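Student: Contents are mmCIF, C-alpha atoms; file name work_23.cif:
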```cif
data_data
#
loop_
_atom_site.label_atom_id
_atom_site.label_comp_id
_atom_site.auth_asym_id
_atom_site.auth_seq_id
_atom_site.Cartn_x
_atom_site.Cartn_y
_atom_site.Cartn_z
CA MET A 1 -3.47 -9.03 14.30
CA ILE A 2 -0.20 -7.65 12.90
CA GLU A 3 2.95 -9.69 13.55
CA PHE A 4 6.51 -8.56 12.89
CA THR A 5 9.58 -10.76 13.23
CA VAL A 6 13.18 -10.56 12.05
CA ASP A 7 15.54 -13.45 11.39
CA GLU A 8 18.73 -12.28 13.09
CA GLU A 9 20.92 -14.48 10.87
CA THR A 10 19.57 -13.40 7.48
CA ARG A 11 18.33 -9.98 8.64
CA VAL A 12 15.09 -10.55 6.70
CA GLY A 13 11.96 -9.25 8.38
CA GLU A 14 8.43 -10.52 7.91
CA VAL A 15 5.24 -8.56 8.53
CA VAL A 16 2.14 -10.76 8.73
CA LEU A 17 -1.50 -9.71 8.48
CA ASN A 18 -3.02 -12.31 10.78
CA ALA A 19 -6.81 -12.02 10.82
CA PRO A 20 -7.76 -14.80 8.39
CA ASP A 21 -11.34 -14.99 9.68
CA LYS A 22 -12.03 -11.60 8.06
CA LEU A 23 -9.65 -12.00 5.10
CA ASN A 24 -7.16 -9.69 6.83
CA ALA A 25 -9.38 -6.67 6.35
CA LEU A 26 -7.93 -3.66 8.19
CA ASP A 27 -9.73 -1.43 10.68
CA GLU A 28 -8.16 1.64 12.27
CA ARG A 29 -6.54 -0.39 15.05
CA ALA A 30 -4.93 -2.76 12.55
CA ILE A 31 -3.63 0.15 10.49
CA GLY A 32 -2.05 1.53 13.67
CA GLU A 33 -0.42 -1.82 14.42
CA LEU A 34 0.87 -2.03 10.84
CA ALA A 35 2.29 1.49 11.10
CA ALA A 36 4.06 0.52 14.34
CA ALA A 37 5.55 -2.57 12.66
CA TYR A 38 6.94 -0.49 9.81
CA ALA A 39 8.27 2.13 12.21
CA GLU A 40 10.21 -0.63 13.96
CA ALA A 41 11.36 -1.94 10.57
CA GLN A 42 12.63 1.57 9.77
CA ARG A 43 14.56 1.67 13.05
CA LEU A 44 16.17 -1.69 12.39
CA ALA A 45 16.99 -0.80 8.78
CA ASP A 46 18.66 2.43 9.91
CA ALA A 47 20.75 0.40 12.36
CA GLY A 48 21.76 -2.11 9.68
CA ASP A 49 19.85 -4.92 11.38
CA LEU A 50 17.24 -5.30 8.62
CA ARG A 51 18.21 -5.81 4.97
CA ALA A 52 14.98 -7.01 3.35
CA LEU A 53 11.31 -7.26 4.30
CA VAL A 54 8.44 -9.57 3.33
CA LEU A 55 4.77 -8.63 3.76
CA ARG A 56 2.17 -11.40 3.63
CA GLY A 57 -1.30 -12.38 4.83
CA GLU A 58 -2.47 -15.49 6.67
CA GLY A 59 -5.33 -17.61 5.40
CA ARG A 60 -7.22 -17.45 2.12
CA ALA A 61 -6.45 -13.84 1.24
CA PHE A 62 -3.71 -11.25 1.37
CA CYS A 63 -6.02 -8.40 2.36
CA ALA A 64 -9.65 -7.74 1.43
CA GLY A 65 -9.26 -4.02 2.13
CA ARG A 66 -10.84 -1.90 4.82
CA ASP A 67 -12.82 -3.64 7.56
CA ILE A 68 -16.21 -1.94 7.27
CA SER A 69 -18.13 -4.48 9.36
CA GLY A 70 -18.69 -1.96 12.15
CA VAL A 71 -18.74 1.27 10.13
CA ASP A 72 -21.87 3.43 10.13
CA PRO A 73 -21.78 5.15 6.69
CA ARG A 74 -23.61 8.18 8.13
CA GLU A 75 -20.74 8.80 10.54
CA ASP A 76 -17.85 7.43 8.52
CA ASP A 77 -14.67 9.53 8.86
CA VAL A 78 -13.33 8.34 5.54
CA LEU A 79 -10.75 11.13 5.27
CA GLY A 80 -9.49 10.34 8.74
CA TYR A 81 -9.08 6.67 7.84
CA LEU A 82 -7.68 6.99 4.31
CA GLY A 83 -5.93 10.36 4.47
CA GLY A 84 -5.00 10.38 8.14
CA ARG A 85 -3.95 6.75 8.62
CA VAL A 86 -3.61 4.77 5.40
CA GLU A 87 -1.82 7.34 3.24
CA PRO A 88 0.95 8.07 5.81
CA LEU A 89 1.44 4.32 6.29
CA LEU A 90 1.87 3.78 2.55
CA HIS A 91 4.42 6.61 2.42
CA THR A 92 6.38 4.95 5.24
CA MET A 93 6.25 1.57 3.53
CA ALA A 94 7.41 2.97 0.21
CA GLY A 95 10.31 4.83 1.83
CA LEU A 96 11.71 1.92 3.85
CA PRO A 97 15.47 1.86 3.04
CA VAL A 98 15.68 -1.84 2.16
CA PRO A 99 14.16 -3.94 -0.64
CA THR A 100 10.57 -4.83 0.28
CA PHE A 101 8.60 -7.80 -1.04
CA ALA A 102 4.90 -8.60 -0.84
CA VAL A 103 3.08 -11.91 -1.36
CA ALA A 104 -0.27 -11.41 -3.11
CA HIS A 105 -2.75 -14.27 -2.85
CA GLY A 106 -6.50 -14.53 -2.72
CA ALA A 107 -8.27 -11.18 -2.40
CA CYS A 108 -6.01 -8.11 -2.83
CA LEU A 109 -8.50 -5.27 -2.75
CA GLY A 110 -8.77 -1.62 -1.69
CA VAL A 111 -6.28 -0.89 1.06
CA GLY A 112 -4.83 -4.35 0.41
CA LEU A 113 -4.05 -3.27 -3.13
CA GLY A 114 -2.45 -0.11 -1.70
CA LEU A 115 -0.14 -2.22 0.48
CA LEU A 116 1.05 -4.00 -2.67
CA ILE A 117 1.56 -0.71 -4.51
CA ALA A 118 3.73 0.56 -1.64
CA SER A 119 5.97 -2.53 -1.79
CA ASP A 120 8.98 -2.70 -4.12
CA ILE A 121 8.47 -6.19 -5.49
CA VAL A 122 5.19 -8.12 -5.57
CA TYR A 123 5.04 -11.86 -6.25
CA VAL A 124 1.51 -12.95 -7.07
CA ALA A 125 -0.31 -16.25 -6.77
CA ASP A 126 -1.81 -17.20 -10.12
CA THR A 127 -5.21 -17.45 -8.44
CA ALA A 128 -5.10 -14.03 -6.73
CA LYS A 129 -8.02 -11.66 -7.23
CA ILE A 130 -7.13 -8.04 -7.99
CA GLY A 131 -9.39 -5.18 -9.01
CA SER A 132 -12.09 -2.78 -7.84
CA PRO A 133 -15.21 -4.53 -6.50
CA PHE A 134 -16.60 -1.37 -4.92
CA ALA A 135 -19.40 -0.57 -7.36
CA ASN A 136 -21.84 -2.52 -5.16
CA LEU A 137 -20.80 -0.42 -2.14
CA GLY A 138 -21.31 2.93 -3.80
CA ALA A 139 -17.63 3.56 -3.15
CA THR A 140 -14.63 4.12 -5.37
CA LEU A 141 -11.21 2.57 -5.73
CA ASP A 142 -8.73 4.01 -3.21
CA SER A 143 -5.18 3.70 -1.81
CA GLY A 144 -3.49 4.53 -5.12
CA GLY A 145 -5.44 2.08 -7.25
CA HIS A 146 -6.48 4.63 -9.87
CA ALA A 147 -2.88 5.73 -10.47
CA LEU A 148 -1.62 2.15 -10.74
CA PHE A 149 -4.33 0.99 -13.12
CA VAL A 150 -4.27 4.04 -15.40
CA GLU A 151 -0.46 3.96 -15.61
CA ARG A 152 -0.25 0.24 -16.40
CA LEU A 153 -3.61 -0.53 -18.08
CA GLY A 154 -4.75 2.75 -19.60
CA ALA A 155 -7.96 4.70 -18.99
CA HIS A 156 -10.37 2.39 -20.81
CA LYS A 157 -9.35 -0.84 -19.07
CA THR A 158 -9.31 0.98 -15.75
CA MET A 159 -12.88 2.17 -16.17
CA ASP A 160 -13.96 -1.27 -17.35
CA LEU A 161 -12.62 -2.85 -14.15
CA ILE A 162 -14.23 -0.17 -11.98
CA VAL A 163 -17.67 -0.20 -13.61
CA THR A 164 -18.00 -3.96 -14.08
CA GLY A 165 -16.32 -4.94 -10.80
CA ARG A 166 -14.45 -7.70 -12.62
CA LEU A 167 -11.44 -9.04 -10.75
CA MET A 168 -8.19 -9.92 -12.51
CA THR A 169 -6.40 -13.17 -11.78
CA GLY A 170 -2.80 -13.05 -10.60
CA ASP A 171 -1.61 -14.32 -13.99
CA GLU A 172 -3.58 -11.59 -15.77
CA ALA A 173 -2.33 -8.88 -13.42
CA VAL A 174 1.31 -9.81 -14.01
CA ALA A 175 0.81 -10.16 -17.77
CA SER A 176 -0.71 -6.65 -17.76
CA GLY A 177 2.37 -5.23 -16.04
CA LEU A 178 0.79 -4.53 -12.65
CA PHE A 179 3.18 -6.61 -10.56
CA SER A 180 6.44 -8.53 -10.63
CA ARG A 181 5.96 -12.27 -11.18
CA ALA A 182 3.25 -14.90 -10.89
CA PHE A 183 3.67 -18.32 -9.26
CA PRO A 184 1.39 -21.24 -8.46
CA ALA A 185 -0.45 -20.47 -5.24
CA ASP A 186 1.39 -23.16 -3.28
CA GLU A 187 4.80 -21.83 -4.37
CA VAL A 188 4.49 -18.05 -4.14
CA LEU A 189 5.42 -17.67 -0.45
CA ASP A 190 8.56 -19.81 -0.72
CA ALA A 191 9.58 -17.97 -3.90
CA THR A 192 9.18 -14.61 -2.17
CA ARG A 193 11.12 -15.64 0.90
CA THR A 194 13.93 -17.01 -1.27
CA ALA A 195 14.14 -13.74 -3.21
CA ALA A 196 14.14 -11.70 0.00
CA ARG A 197 16.97 -13.76 1.49
CA ALA A 198 18.99 -13.27 -1.69
CA ALA A 199 18.34 -9.52 -1.65
CA ALA A 200 19.46 -9.36 1.98
CA THR A 201 22.94 -10.51 0.94
CA GLY A 202 23.24 -7.80 -1.72
CA ALA A 203 24.51 -4.24 -1.83
CA THR A 204 21.65 -2.66 0.10
CA GLN A 205 22.70 0.95 -0.50
CA ALA A 206 22.77 0.37 -4.25
CA PHE A 207 19.29 -1.16 -4.10
CA VAL A 208 18.03 1.83 -2.13
CA ALA A 209 19.57 4.21 -4.68
CA SER A 210 17.69 2.43 -7.46
CA LYS A 211 14.53 2.47 -5.35
CA MET A 212 14.78 6.26 -5.07
CA LEU A 213 15.45 6.65 -8.78
CA VAL A 214 12.44 4.51 -9.68
CA ALA A 215 10.28 6.57 -7.31
CA SER A 216 11.46 9.80 -8.95
CA LEU A 217 10.66 8.46 -12.40
CA ARG A 218 7.20 7.43 -11.24
CA ASP A 219 6.31 10.45 -9.11
CA ASP A 220 8.21 13.30 -10.78
CA ARG A 221 8.00 11.96 -14.35
CA LEU A 222 11.68 12.52 -15.02
CA GLY A 223 12.73 12.43 -18.66
CA LEU A 224 15.72 10.52 -20.04
CA TRP A 225 18.38 13.18 -19.49
CA ALA A 226 17.17 14.27 -16.05
CA SER A 227 17.04 10.62 -15.00
CA MET A 228 20.53 10.05 -16.33
CA SER A 229 21.84 12.95 -14.25
CA GLU A 230 20.17 11.49 -11.16
CA GLU A 231 21.78 8.11 -11.91
CA ASN A 232 25.18 9.74 -12.21
CA ARG A 233 24.83 11.45 -8.83
CA ALA A 234 23.61 8.24 -7.21
CA GLN A 235 26.55 6.28 -8.64
CA ALA A 236 29.01 8.90 -7.42
CA ALA A 237 27.54 8.72 -3.91
CA LEU A 238 27.86 4.92 -3.91
CA CYS A 239 31.59 5.21 -4.59
CA ASP A 240 32.06 6.05 -0.93
CA THR A 241 30.37 2.87 0.32
CA ALA A 242 32.16 -0.27 1.45
CA ASP A 243 29.95 -2.43 -0.75
CA TYR A 244 30.97 -0.50 -3.88
CA ARG A 245 34.62 -1.10 -3.10
CA GLU A 246 33.93 -4.74 -2.25
CA GLY A 247 32.06 -5.28 -5.52
CA PHE A 248 34.94 -3.95 -7.59
CA ALA A 249 37.52 -5.89 -5.58
CA ALA A 250 35.56 -9.14 -5.94
CA PHE A 251 35.25 -8.64 -9.69
CA GLN A 252 38.95 -7.96 -10.08
CA GLU A 253 39.89 -10.91 -7.85
CA LYS A 254 37.38 -13.23 -9.60
CA ARG A 255 35.46 -14.17 -6.44
CA ARG A 256 31.96 -13.69 -5.05
CA PRO A 257 31.44 -10.37 -3.26
CA VAL A 258 30.54 -10.29 0.42
CA PHE A 259 28.33 -7.27 0.98
CA THR A 260 27.54 -5.85 4.41
CA GLY A 261 24.77 -3.51 3.30
CA ARG A 262 26.24 -0.60 5.20
CA GLY A 263 27.16 2.79 3.85
#
```
Would you put the structure from the file into structure tokens?

Tutor:
Amino acid sequence: MIEFTVDEETRVGEVVLNAPDKLNALDERAIGELAAAYAEAQRLADAGDLRALVLRGEGRAFCAGRDISGVDPREDDVLGYLGGRVEPLLHTMAGLPVPTFAVAHGACLGVGLGLLIASDIVYVADTAKIGSPFANLGATLDSGGHALFVERLGAHKTMDLIVTGRLMTGDEAVASGLFSRAFPADEVLDATRTAARAAATGATQAFVASKMLVASLRDDRLGLWASMSEENRAQAALCDTADYREGFAAFQEKRRPVFTGRG
């Protein structure tokens, strides 16, 4: 169900959720396969053989969330699934030391929404469906959805989406500040792949430094001056990288830089 490939020339990886018959809903086995794909992506990134990653879904949807087709609610180990499998996966995804992109189209719900939250950059089809349709299941929004919605939409809009079960379009989600950019549905995959290839030619260590700073601002709620100090330390560390020296040399020599992505 989960496919992972890397273009050796561009060093862009692609993780594909490939169960279109069930809208790429994820059972425990699929979560394990996805975790294995990201573990391999981590290994390749550490070796310098991966410089950007794209996550996408086959078929009509990105991911409709957890596959509950065979779940007996009386015996459901929800903490084992969400806390024991999904949450560690999302941590791994968020910490991958390269820029990560996700393509959101069709249904992006529950765990599927969590996969988007754990990606750095999310390009959204204008027709995507994003929200919390769980009121009819007697369940609640999971995989980081509450934090995302409250931070970007506020408490009242969050509760409106949860209680009514209304789904936002991709255009509405981007206009509300949830994700990066919206594209027509037939263009979003090509746009994401193009952006990932461009990122893979950039100064990877600088991107990772910014990724860590953004995570600190989000998770630790750093203020202006604390964030500025973190930026200063990150910039000082980058001075020792080949890409930092190449960037300055290219500017001074009035040419395009050629970055290797290595420290």

Student: Could you tell me, as a VMD selection string, exactly which residues end up selected when the PyMOL selection byres ((chain A and resi 210) around 12) is applied to this structure?

Tutor: chain A and resid 97 to 99 120 203 to 209 211 to 217 227 230 to 235 238

Student: With only C-alpha atoms as the atoms that count, which of A:Asn18, A:Thr164, A:Ser143, A:Thr241 lies nearest to Glu87 of chain A?

Tutor: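 For Glu87 of chain A, the nearest of the candidates is A:Ser143.
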
Student: Check the smallest atom-to-atom distance from each of A:Ala191, A:Leu96, A:Ala185, A:Val111 to Arg43 of chain A using all atoms listed in the file, then report the winner.

Tutor: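 Residue with the minimum atom-to-atom distance to Arg43 of chain A: A:Leu96.
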
Student: Where does the PyMOL selection byres ((chain A and resi 192) around 9) land in this file, that is, which residues does it pick, as a PDB file with C-alpha atoms, in the coordinates of the input?

Tutor:
```pdb
ATOM      1  CA  VAL A  54       8.440  -9.570   3.330  1.00  0.00           C
ATOM      2  CA  PHE A 101       8.600  -7.800  -1.040  1.00  0.00           C
ATOM      3  CA  ALA A 102       4.900  -8.600  -0.840  1.00  0.00           C
ATOM      4  CA  VAL A 103       3.080 -11.910  -1.360  1.00  0.00           C
ATOM      5  CA  VAL A 122       5.190  -8.120  -5.570  1.00  0.00           C
ATOM      6  CA  TYR A 123       5.040 -11.860  -6.250  1.00  0.00           C
ATOM      7  CA  GLU A 187       4.800 -21.830  -4.370  1.00  0.00           C
ATOM      8  CA  VAL A 188       4.490 -18.050  -4.140  1.00  0.00           C
ATOM      9  CA  LEU A 189       5.420 -17.670  -0.450  1.00  0.00           C
ATOM     10  CA  ASP A 190       8.560 -19.810  -0.720  1.00  0.00           C
ATOM     11  CA  ALA A 191       9.580 -17.970  -3.900  1.00  0.00           C
ATOM     12  CA  ARG A 193      11.120 -15.640   0.900  1.00  0.00           C
ATOM     13  CA  THR A 194      13.930 -17.010  -1.270  1.00  0.00           C
ATOM     14  CA  ALA A 195      14.140 -13.740  -3.210  1.00  0.00           C
ATOM     15  CA  ALA A 196      14.140 -11.700   0.000  1.00  0.00           C
ATOM     16  CA  ARG A 197      16.970 -13.760   1.490  1.00  0.00           C
TER      17      ARG A 197
END
```

Student: Would you mind telling me which residue in A:Arg245, A:Arg152, A:Arg262, A:Arg11 lies nearest to Ala52 of chain A when using all atoms listed in the file?

Tutor: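 Using all atoms listed in the file, the shortest distance to Ala52 of chain A belongs to A:Arg11.
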
Student: If you count all atoms listed in the file, which residues fall within 7 Å of Asp243 of chain A, apart from same-chain ones fewer than 3 positions away, as JSON, numbers by chain?

Tutor: {"A": [203, 246, 247, 259, 260, 261]}

Student: Could you state the separation of atom CA of Glu58 of chain A and atom CA of Pro20 of chain A in Å, given to one decimal place?

Tutor: 5.6 Å

Student: Near Ala139 of chain A, within 12 Å and counting all atoms listed in the file, which residues show up once chain neighbours fewer than 2 positions away are dropped, as a list of chain:residue names?

Tutor: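 That gives A:Arg66, A:Ile68, A:Pro73, A:Val78, A:Gly110, A:Ser132, A:Pro133, A:Phe134, A:Ala135, A:Asn136, A:Leu137, A:Leu141, A:Asp142, A:Ile162, A:Val163, A:Gly165.
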
Student: Under the rule that all atoms listed in the file are counted, which of A:Ala39, A:Tyr81, A:Asn24, A:Glu75 is the nearest residue to Gly59 of chain A?

Tutor: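 The shortest atom-to-atom distance to Gly59 of chain A comes from A:Asn24.
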
Student: Have segment 215-232 of chain A completed to N, CA, C and O atoms, please, and pass it along as a short mmCIF file (atom, residue, chain, number, x, y, z; two decimals), in the coordinates of the input.

Tutor:
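Result file result16.cif:
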```cif
data_model
loop_
_atom_site.label_atom_id
_atom_site.label_comp_id
_atom_site.auth_asym_id
_atom_site.auth_seq_id
_atom_site.Cartn_x
_atom_site.Cartn_y
_atom_site.Cartn_z
N ALA A 215 11.33 5.72 -7.88
CA ALA A 215 10.28 6.57 -7.31
C ALA A 215 10.24 7.94 -7.97
O ALA A 215 9.16 8.49 -8.24
N SER A 216 11.42 8.50 -8.27
CA SER A 216 11.46 9.80 -8.95
C SER A 216 10.89 9.71 -10.36
O SER A 216 10.17 10.61 -10.81
N LEU A 217 11.21 8.64 -11.05
CA LEU A 217 10.66 8.46 -12.40
C LEU A 217 9.14 8.34 -12.36
O LEU A 217 8.43 8.88 -13.21
N ARG A 218 8.65 7.62 -11.36
CA ARG A 218 7.20 7.43 -11.24
C ARG A 218 6.50 8.71 -10.79
O ARG A 218 5.49 9.12 -11.38
N ASP A 219 7.02 9.34 -9.74
CA ASP A 219 6.31 10.45 -9.11
C ASP A 219 6.60 11.80 -9.75
O ASP A 219 5.72 12.66 -9.81
N ASP A 220 7.83 12.01 -10.22
CA ASP A 220 8.21 13.30 -10.78
C ASP A 220 8.26 13.29 -12.30
O ASP A 220 8.54 14.32 -12.92
N ARG A 221 8.03 12.10 -12.89
CA ARG A 221 8.00 11.96 -14.35
C ARG A 221 9.27 12.48 -14.99
O ARG A 221 9.25 13.25 -15.96
N LEU A 222 10.41 12.09 -14.46
CA LEU A 222 11.68 12.52 -15.02
C LEU A 222 11.84 12.01 -16.45
O LEU A 222 11.48 10.88 -16.76
N GLY A 223 12.40 12.86 -17.31
CA GLY A 223 12.73 12.43 -18.66
C GLY A 223 14.07 11.72 -18.69
O GLY A 223 14.75 11.56 -17.66
N LEU A 224 14.50 11.31 -19.87
CA LEU A 224 15.72 10.52 -20.04
C LEU A 224 16.94 11.24 -19.46
O LEU A 224 17.69 10.67 -18.67
N TRP A 225 17.14 12.51 -19.86
CA TRP A 225 18.38 13.18 -19.49
C TRP A 225 18.38 13.57 -18.01
O TRP A 225 19.42 13.47 -17.33
N ALA A 226 17.24 13.96 -17.48
CA ALA A 226 17.17 14.27 -16.05
C ALA A 226 17.40 13.00 -15.23
O ALA A 226 18.09 13.02 -14.21
N SER A 227 16.84 11.89 -15.70
CA SER A 227 17.04 10.62 -15.00
C SER A 227 18.50 10.19 -15.06
O SER A 227 19.06 9.69 -14.08
N MET A 228 19.13 10.41 -16.20
CA MET A 228 20.53 10.05 -16.33
C MET A 228 21.39 10.86 -15.36
O MET A 228 22.32 10.32 -14.74
N SER A 229 21.09 12.13 -15.19
CA SER A 229 21.84 12.95 -14.25
C SER A 229 21.66 12.45 -12.83
O SER A 229 22.61 12.42 -12.03
N GLU A 230 20.43 12.05 -12.49
CA GLU A 230 20.17 11.49 -11.16
C GLU A 230 20.95 10.20 -10.95
O GLU A 230 21.50 9.94 -9.88
N GLU A 231 21.00 9.36 -11.99
CA GLU A 231 21.78 8.11 -11.91
C GLU A 231 23.25 8.40 -11.66
O GLU A 231 23.91 7.73 -10.86
N ASN A 232 23.76 9.40 -12.37
CA ASN A 232 25.18 9.74 -12.21
C ASN A 232 25.49 10.17 -10.78
O ASN A 232 26.50 9.76 -10.19
#
```
